[in-house]
>>> print(open('query-v2.txt').read())   # compact mmCIF, C-alpha atoms
# COMPACT_ATOMS: atom_id res chain seq x y z
CA MET A 1 120.10 81.99 78.49
CA PHE A 2 119.86 78.25 79.18
CA LEU A 3 120.43 76.09 82.25
CA GLU A 4 123.92 75.30 80.95
CA ASP A 5 124.85 79.01 80.98
CA LEU A 6 124.32 79.36 84.74
CA VAL A 7 126.62 78.46 87.64
CA PRO A 8 126.17 78.76 91.42
CA GLY A 9 127.52 82.08 92.67
CA GLN A 10 126.71 83.87 89.40
CA ARG A 11 125.27 87.33 90.05
CA PHE A 12 122.99 89.74 88.24
CA ALA A 13 122.11 93.32 89.16
CA GLY A 14 119.09 95.55 88.59
CA GLY A 15 117.87 99.02 89.43
CA PRO A 16 117.94 101.64 90.71
CA VAL A 17 114.31 102.48 91.51
CA ALA A 18 113.55 105.66 93.48
CA VAL A 19 110.57 105.43 95.86
CA SER A 20 108.44 108.49 96.62
CA ALA A 21 105.65 109.10 99.14
CA GLU A 22 103.25 109.44 96.20
CA MET A 23 104.21 106.00 94.86
CA ILE A 24 103.84 104.46 98.33
CA LYS A 25 100.38 105.96 98.85
CA GLY A 26 99.24 105.15 95.32
CA PHE A 27 100.13 101.46 95.57
CA ALA A 28 98.65 101.21 99.06
CA ALA A 29 95.37 102.85 98.02
CA GLU A 30 94.91 100.14 95.41
CA TYR A 31 96.32 97.02 97.11
CA ASP A 32 97.14 97.55 100.79
CA PRO A 33 94.91 100.34 102.16
CA GLN A 34 96.21 100.55 105.72
CA PRO A 35 96.76 103.90 107.49
CA PHE A 36 100.54 103.47 107.93
CA HIS A 37 100.96 103.10 104.13
CA LEU A 38 98.59 105.98 103.31
CA ASP A 39 99.11 108.81 105.77
CA GLU A 40 102.19 110.30 107.43
CA ASP A 41 100.44 111.17 110.71
CA ALA A 42 98.81 107.75 111.10
CA ALA A 43 102.17 106.10 110.36
CA ALA A 44 103.93 108.31 112.94
CA ALA A 45 101.46 107.12 115.58
CA HIS A 46 101.85 103.42 114.70
CA PRO A 47 103.80 101.42 117.34
CA VAL A 48 105.76 99.45 114.74
CA PHE A 49 106.26 101.71 111.70
CA GLY A 50 106.69 105.17 113.26
CA ALA A 51 106.77 106.83 109.82
CA LEU A 52 105.27 106.27 106.37
CA ALA A 53 106.42 102.88 105.00
CA ALA A 54 105.81 101.13 101.70
CA SER A 55 103.61 98.05 101.59
CA GLY A 56 105.80 94.94 101.49
CA TRP A 57 103.93 93.98 98.32
CA HIS A 58 104.95 97.29 96.78
CA THR A 59 108.59 96.53 97.58
CA ALA A 60 108.06 93.08 96.07
CA ALA A 61 106.47 94.49 92.90
CA LEU A 62 109.21 97.10 92.43
CA SER A 63 111.78 94.37 93.02
CA MET A 64 110.17 92.23 90.32
CA ARG A 65 110.61 95.06 87.84
CA MET A 66 114.33 94.96 88.65
CA VAL A 67 114.37 91.16 88.45
CA VAL A 68 112.94 91.29 84.92
CA GLN A 69 115.62 93.83 84.02
CA ALA A 70 118.36 91.67 85.57
CA ILE A 71 117.40 88.13 84.49
CA GLY A 72 114.51 88.53 82.05
CA HIS A 73 116.78 87.08 79.36
CA PHE A 74 116.58 83.60 80.91
CA GLY A 75 115.20 81.22 78.27
CA TRP A 76 111.53 81.24 79.25
CA GLY A 77 111.67 84.57 81.10
CA VAL A 78 111.31 84.71 84.87
CA VAL A 79 108.98 81.81 85.68
CA GLY A 80 108.83 80.92 89.38
CA GLY A 81 106.55 78.90 91.59
CA GLY A 82 107.20 80.91 94.73
CA GLY A 83 109.57 80.74 97.67
CA GLU A 84 110.52 82.41 100.92
CA LEU A 85 109.77 86.14 100.98
CA LEU A 86 111.22 88.19 103.84
CA TRP A 87 110.78 91.88 104.61
CA LEU A 88 113.75 92.89 106.73
CA LYS A 89 113.54 96.70 106.92
CA PRO A 90 110.82 99.22 106.04
CA VAL A 91 111.05 101.07 102.72
CA ARG A 92 110.59 104.82 103.23
CA PRO A 93 109.85 107.78 100.96
CA GLY A 94 113.13 108.94 99.39
CA ASP A 95 114.70 105.46 99.39
CA THR A 96 116.46 104.24 96.27
CA LEU A 97 116.33 100.50 95.76
CA ARG A 98 118.53 98.17 93.76
CA LEU A 99 118.59 94.42 93.18
CA GLU A 100 121.30 91.82 93.69
CA SER A 101 120.37 88.42 92.34
CA GLU A 102 122.52 85.34 92.92
CA VAL A 103 122.32 81.78 91.58
CA LEU A 104 122.31 79.36 94.53
CA GLU A 105 121.64 75.95 93.02
CA ILE A 106 120.97 74.36 89.62
CA THR A 107 118.99 71.14 89.29
CA PRO A 108 118.24 69.51 85.93
CA SER A 109 114.76 67.95 85.89
CA LYS A 110 114.68 64.16 86.18
CA SER A 111 111.35 63.81 84.41
CA ARG A 112 111.57 66.54 81.70
CA ALA A 113 114.71 66.52 79.57
CA ASP A 114 114.11 70.06 78.27
CA ARG A 115 114.28 71.94 81.60
CA GLY A 116 115.66 72.36 85.09
CA SER A 117 115.22 74.50 88.15
CA VAL A 118 117.44 77.30 89.37
CA MET A 119 117.27 78.43 92.98
CA MET A 120 118.01 82.14 93.18
CA ARG A 121 118.23 84.67 95.98
CA ASN A 122 116.90 88.04 94.93
CA ALA A 123 117.94 90.66 97.47
CA THR A 124 116.57 94.21 97.40
CA LEU A 125 118.85 96.83 98.99
CA ASN A 126 118.37 100.48 99.84
CA GLN A 127 120.79 103.39 99.31
CA HIS A 128 122.52 102.58 102.63
CA GLY A 129 123.34 99.06 101.46
CA GLU A 130 120.78 97.60 103.87
CA THR A 131 118.82 94.59 102.62
CA VAL A 132 115.11 95.47 102.80
CA GLN A 133 113.76 92.28 101.21
CA THR A 134 114.92 88.85 100.11
CA PHE A 135 113.03 86.41 97.92
CA THR A 136 114.52 82.94 97.55
CA VAL A 137 112.80 81.45 94.54
CA LYS A 138 113.03 78.38 92.33
CA LEU A 139 112.85 79.32 88.64
CA LEU A 140 112.05 77.09 85.68
CA VAL A 141 114.81 77.38 83.06
CA PRO A 142 115.06 75.53 79.73
CA ARG A 143 118.06 73.39 78.81
CA ARG A 144 119.98 74.18 75.66
CA PRO A 145 118.44 72.23 72.75
CA ALA A 146 120.70 69.35 71.67
CA MET B 1 91.33 92.54 117.87
CA PHE B 2 94.02 91.38 120.30
CA LEU B 3 96.11 88.23 120.61
CA GLU B 4 93.67 86.95 123.24
CA ASP B 5 90.80 87.12 120.72
CA LEU B 6 92.40 84.63 118.33
CA VAL B 7 92.47 80.82 118.41
CA PRO B 8 94.08 78.27 116.08
CA GLY B 9 91.62 77.18 113.42
CA GLN B 10 89.82 80.54 113.41
CA ARG B 11 88.98 81.64 109.86
CA PHE B 12 88.41 84.91 108.05
CA ALA B 13 87.18 85.49 104.50
CA GLY B 14 87.71 88.21 101.91
CA GLY B 15 86.76 89.01 98.35
CA PRO B 16 85.61 88.54 95.72
CA VAL B 17 87.91 90.30 93.26
CA ALA B 18 87.28 89.89 89.53
CA VAL B 19 90.39 89.83 87.33
CA SER B 20 90.30 91.18 83.77
CA ALA B 21 92.85 91.07 80.94
CA GLU B 22 93.15 94.85 81.25
CA MET B 23 94.08 94.58 84.95
CA ILE B 24 96.61 91.82 84.22
CA LYS B 25 98.30 93.84 81.46
CA GLY B 26 98.22 97.07 83.45
CA PHE B 27 99.94 95.60 86.49
CA ALA B 28 102.47 93.76 84.31
CA ALA B 29 103.35 96.88 82.33
CA GLU B 30 104.32 98.60 85.56
CA TYR B 31 105.88 95.82 87.63
CA ASP B 32 106.41 92.60 85.65
CA PRO B 33 106.79 93.46 81.97
CA GLN B 34 107.13 89.99 80.48
CA PRO B 35 105.40 88.97 77.21
CA PHE B 36 103.20 86.25 78.79
CA HIS B 37 101.66 88.84 81.16
CA LEU B 38 101.24 91.50 78.45
CA ASP B 39 100.13 89.88 75.23
CA GLU B 40 97.71 87.03 74.43
CA ASP B 41 99.67 85.76 71.42
CA ALA B 42 103.04 85.75 73.20
CA ALA B 43 101.43 83.94 76.13
CA ALA B 44 99.86 81.34 73.80
CA ALA B 45 103.31 80.58 72.40
CA HIS B 46 104.95 80.25 75.85
CA PRO B 47 105.84 76.64 76.79
CA VAL B 48 104.66 77.04 80.38
CA PHE B 49 101.77 79.53 80.41
CA GLY B 50 99.95 78.77 77.13
CA ALA B 51 97.57 81.71 77.64
CA LEU B 52 97.62 85.16 79.26
CA ALA B 53 98.36 84.82 82.99
CA ALA B 54 98.58 87.35 85.79
CA SER B 55 101.94 88.16 87.37
CA GLY B 56 102.26 86.25 90.63
CA TRP B 57 102.92 89.62 92.27
CA HIS B 58 99.61 90.87 90.92
CA THR B 59 97.85 87.89 92.52
CA ALA B 60 99.75 88.66 95.72
CA ALA B 61 98.75 92.35 95.64
CA LEU B 62 95.07 91.58 94.94
CA SER B 63 95.19 89.01 97.73
CA MET B 64 96.57 91.62 100.13
CA ARG B 65 93.58 93.84 99.39
CA MET B 66 91.36 90.94 100.50
CA VAL B 67 93.58 90.28 103.53
CA VAL B 68 93.12 93.87 104.69
CA GLN B 69 89.37 93.47 104.23
CA ALA B 70 89.39 90.17 106.16
CA ILE B 71 91.78 90.85 109.05
CA GLY B 72 92.61 94.56 108.87
CA HIS B 73 90.86 94.95 112.24
CA PHE B 74 93.71 93.17 114.06
CA GLY B 75 95.09 95.57 116.67
CA TRP B 76 98.02 97.02 114.74
CA GLY B 77 96.61 96.20 111.30
CA VAL B 78 98.24 93.55 109.12
CA VAL B 79 101.93 93.76 110.03
CA GLY B 80 104.00 90.83 108.76
CA GLY B 81 107.66 90.10 108.30
CA GLY B 82 107.23 87.71 105.38
CA GLY B 83 106.82 83.99 104.93
CA GLU B 84 106.39 81.25 102.36
CA LEU B 85 104.67 82.44 99.19
CA LEU B 86 103.54 79.77 96.72
CA TRP B 87 101.87 80.20 93.32
CA LEU B 88 100.02 76.98 92.61
CA LYS B 89 97.93 77.73 89.52
CA PRO B 90 97.93 80.59 86.99
CA VAL B 91 95.37 83.39 87.36
CA ARG B 92 93.59 84.04 84.04
CA PRO B 93 91.43 86.84 82.65
CA GLY B 94 87.85 86.29 83.83
CA ASP B 95 88.87 84.63 87.10
CA THR B 96 87.19 85.71 90.31
CA LEU B 97 89.37 85.41 93.39
CA ARG B 98 88.48 85.11 97.05
CA LEU B 99 90.50 84.75 100.24
CA GLU B 100 90.41 82.17 103.02
CA SER B 101 92.60 83.09 105.96
CA GLU B 102 93.21 80.70 108.85
CA VAL B 103 94.97 81.12 112.20
CA LEU B 104 97.59 78.37 112.53
CA GLU B 105 99.55 79.23 115.66
CA ILE B 106 99.65 81.91 118.37
CA THR B 107 102.85 82.71 120.24
CA PRO B 108 103.08 85.40 122.93
CA SER B 109 106.40 87.23 122.80
CA LYS B 110 108.87 86.25 125.52
CA SER B 111 110.69 89.58 125.43
CA ARG B 112 107.85 92.08 124.82
CA ALA B 113 104.85 91.80 127.13
CA ASP B 114 102.63 93.90 124.84
CA ARG B 115 102.64 91.62 121.77
CA GLY B 116 102.80 88.21 120.17
CA SER B 117 103.00 86.57 116.78
CA VAL B 118 100.22 84.86 114.88
CA MET B 119 101.06 82.42 112.11
CA MET B 120 98.37 82.60 109.44
CA ARG B 121 97.77 80.83 106.15
CA ASN B 122 96.23 83.15 103.59
CA ALA B 123 94.90 81.10 100.67
CA THR B 124 93.66 82.71 97.46
CA LEU B 125 91.11 80.64 95.53
CA ASN B 126 89.54 81.03 92.10
CA GLN B 127 85.90 80.56 91.10
CA HIS B 128 86.48 76.80 90.67
CA GLY B 129 87.59 76.48 94.27
CA GLU B 130 91.19 75.89 93.18
CA THR B 131 93.89 77.41 95.37
CA VAL B 132 96.00 79.69 93.18
CA GLN B 133 98.26 81.09 95.92
CA THR B 134 99.12 80.53 99.56
CA PHE B 135 101.06 82.84 101.82
CA THR B 136 102.00 81.52 105.24
CA VAL B 137 102.92 84.57 107.25
CA LYS B 138 103.78 85.50 110.83
CA LEU B 139 101.90 88.63 111.93
CA LEU B 140 102.65 90.91 114.84
CA VAL B 141 99.56 91.31 117.03
CA PRO B 142 99.20 93.33 120.27
CA ARG B 143 98.06 91.77 123.53
CA ARG B 144 95.01 93.16 125.28
CA PRO B 145 96.14 95.93 127.64
CA ALA B 146 95.88 94.79 131.28
>>> encode(input="query-v2.txt", output="structure tokens")
Amino acid sequence: MFLEDLVPGQRFAGGPVAVSAEMIKGFAAEYDPQPFHLDEDAAAAHPVFGALAASGWHTAALSMRMVVQAIGHFGWGVVGGGGELLWLKPVRPGDTLRLESEVLEITPSKSRADRGSVMMRNATLNQHGETVQTFTVKLLVPRRPA
Amino acid sequence: MFLEDLVPGQRFAGGPVAVSAEMIKGFAAEYDPQPFHLDEDAAAAHPVFGALAASGWHTAALSMRMVVQAIGHFGWGVVGGGGELLWLKPVRPGDTLRLESEVLEITPSKSRADRGSVMMRNATLNQHGETVQTFTVKLLVPRRPA
């Protein structure tokens, strides 16, 4: 898929991904070893979480897997330089996540004739339709060869 | 550590973490299965990466491990709602990462007397001193009980 194939408002979907307590604890043990991601009792006693919750980075990583599924066919794959990442609700054991990805803005590069940038909003939702995470990211997308 | 223990400009350090090709491919296989994170030859042929590169989410997850090491002793742990995440340089096999975390701004909550927010800039650097990622995040931190 090239820059010319995309339009603002275009949507892509990914998922579902089911999240278990074992997955939450496994990711946390490796990357975010804090009690409220590792242990039900510690999480229950935490003034903010109140129950076991996934690391935000776990939600982000699982979301990326759905992003690759949804828009991995973009010309150069999913190549982004970052953006605004927001965690809006905790992800709990038993949640099922899905992805809704929307094209916000398309900007051909002024300096490189072969590419442009695409601003996308990747929203991760749970089984209740609540948005648990958004990532608004600028992707590098090739233009269709002349 | 409570809100009262922090001042703008205060710094914390974490790391090092050594990154191998095996780690890069392992994370990518699970969360970001794109050819330039999985295979040296595919990465060499990619117009942007040119060589095997870690998933940005892998860099983010490894950085979080260093964040927990550096500032996990904040009163409620590291509890953030998100922020601006930027990937500035690729992370390559053989890189060694470290973390520099700096307090930018401290804001007591107006509505909840027991807490405040701390804006921090968590920078991830490689062995050449180049910043590969920054995450500017607002953390929830408790106030010292009266």
>>> closest_residue(input="query-v2.txt", among="B:Val7, B:Val91, B:Leu86, B:Met120", to="B:Phe36", atoms="only C-alpha atoms")
B:Val91
>>> closest_atom_pairs(input="query-v2.txt", of="chain A", to="chain B", cutoff="7 Å", atoms="only C-alpha atoms", output="CSV")
residue,atom,partner,partner_atom,distance
A:Tyr31,CA,B:Arg65,CA,4.8
A:Asp32,CA,B:Arg65,CA,5.3
A:Trp57,CA,B:Ala61,CA,6.1
A:Ala61,CA,B:Tyr31,CA,5.5
A:Leu62,CA,B:Tyr31,CA,6.0
A:Met64,CA,B:Asp32,CA,6.0
A:Arg65,CA,B:Tyr31,CA,4.8
A:Val68,CA,B:Asp32,CA,6.7
A:Gly81,CA,B:Trp87,CA,5.2
A:Gly82,CA,B:Leu86,CA,4.3
A:Gly83,CA,B:Leu85,CA,5.4
A:Glu84,CA,B:Glu84,CA,4.5
A:Leu85,CA,B:Gly82,CA,5.3
A:Leu86,CA,B:Gly82,CA,4.3
A:Trp87,CA,B:Gly81,CA,5.1
A:Leu88,CA,B:Gly81,CA,6.9
>>> atom_distance(input="query-v2.txt", atom1="atom CA of A:Lys25", atom2="atom CA of A:Arg92")
11.2 Å
>>> residues_around(input="query-v2.txt", residues="A:Glu22", least_positions_apart="3", cutoff="12 Å", atoms="all atoms listed in the file", output="list in words")
Ala18, Val19, Lys25, Gly26, Phe27, Ala28, Ala29, His37, Leu38, Asp39, Glu40, Leu52, Ala53, Ala54, Arg92, Pro93 and Gly94 of chain A
>>> residues_near_point(input="query-v2.txt", point="(119.2, 82.7, 92.3)", cutoff="12 Å", atoms="all atoms listed in the file", output="JSON, numbers by chain")
{"A": [6, 7, 8, 9, 10, 11, 12, 13, 67, 70, 71, 74, 78, 80, 83, 99, 100, 101, 102, 103, 104, 105, 106, 107, 117, 118, 119, 120, 121, 122, 123, 134, 135, 136, 137, 138, 139, 140, 141]}
>>> atom_distance(input="query-v2.txt", atom1="atom CA of B:Asp5", atom2="atom CA of B:Arg112")
18.2 Å
>>> atom_distance(input="query-v2.txt", atom1="atom CA of A:Ala45", atom2="atom CA of B:Asp114")
16.2 Å
>>> axis_aligned_box(input="query-v2.txt", around="stretch 91-107 of chain A", padding_each_side="5 Å", output="AutoDock Vina command-line options")
--center_x 116.2 --center_y 90.0 --center_z 96.3 --size_x 22.7 --size_y 47.8 --size_z 23.9
>>> closest_residue(input="query-v2.txt", among="A:Arg98, A:Thr59, A:Asp41, A:Ala51", to="A:Gly15", atoms="all atoms listed in the file")
A:Arg98
>>> residues_around(input="query-v2.txt", residues="A:Pro145", least_positions_apart="4", cutoff="10 Å", atoms="only C-alpha atoms", output="PDB file with C-alpha atoms, in the coordinates of the input")
ATOM      1  CA  PHE A   2     119.860  78.250  79.180  1.00  0.00           C
ATOM      2  CA  ALA A 113     114.710  66.520  79.570  1.00  0.00           C
ATOM      3  CA  ASP A 114     114.110  70.060  78.270  1.00  0.00           C
ATOM      4  CA  ARG A 115     114.280  71.940  81.600  1.00  0.00           C
TER       5      ARG A 115
END
>>> closest_residue(input="query-v2.txt", among="A:Gly116, A:Arg143, A:Leu97, A:Lys110", to="A:Thr131", atoms="only C-alpha atoms")
A:Leu97
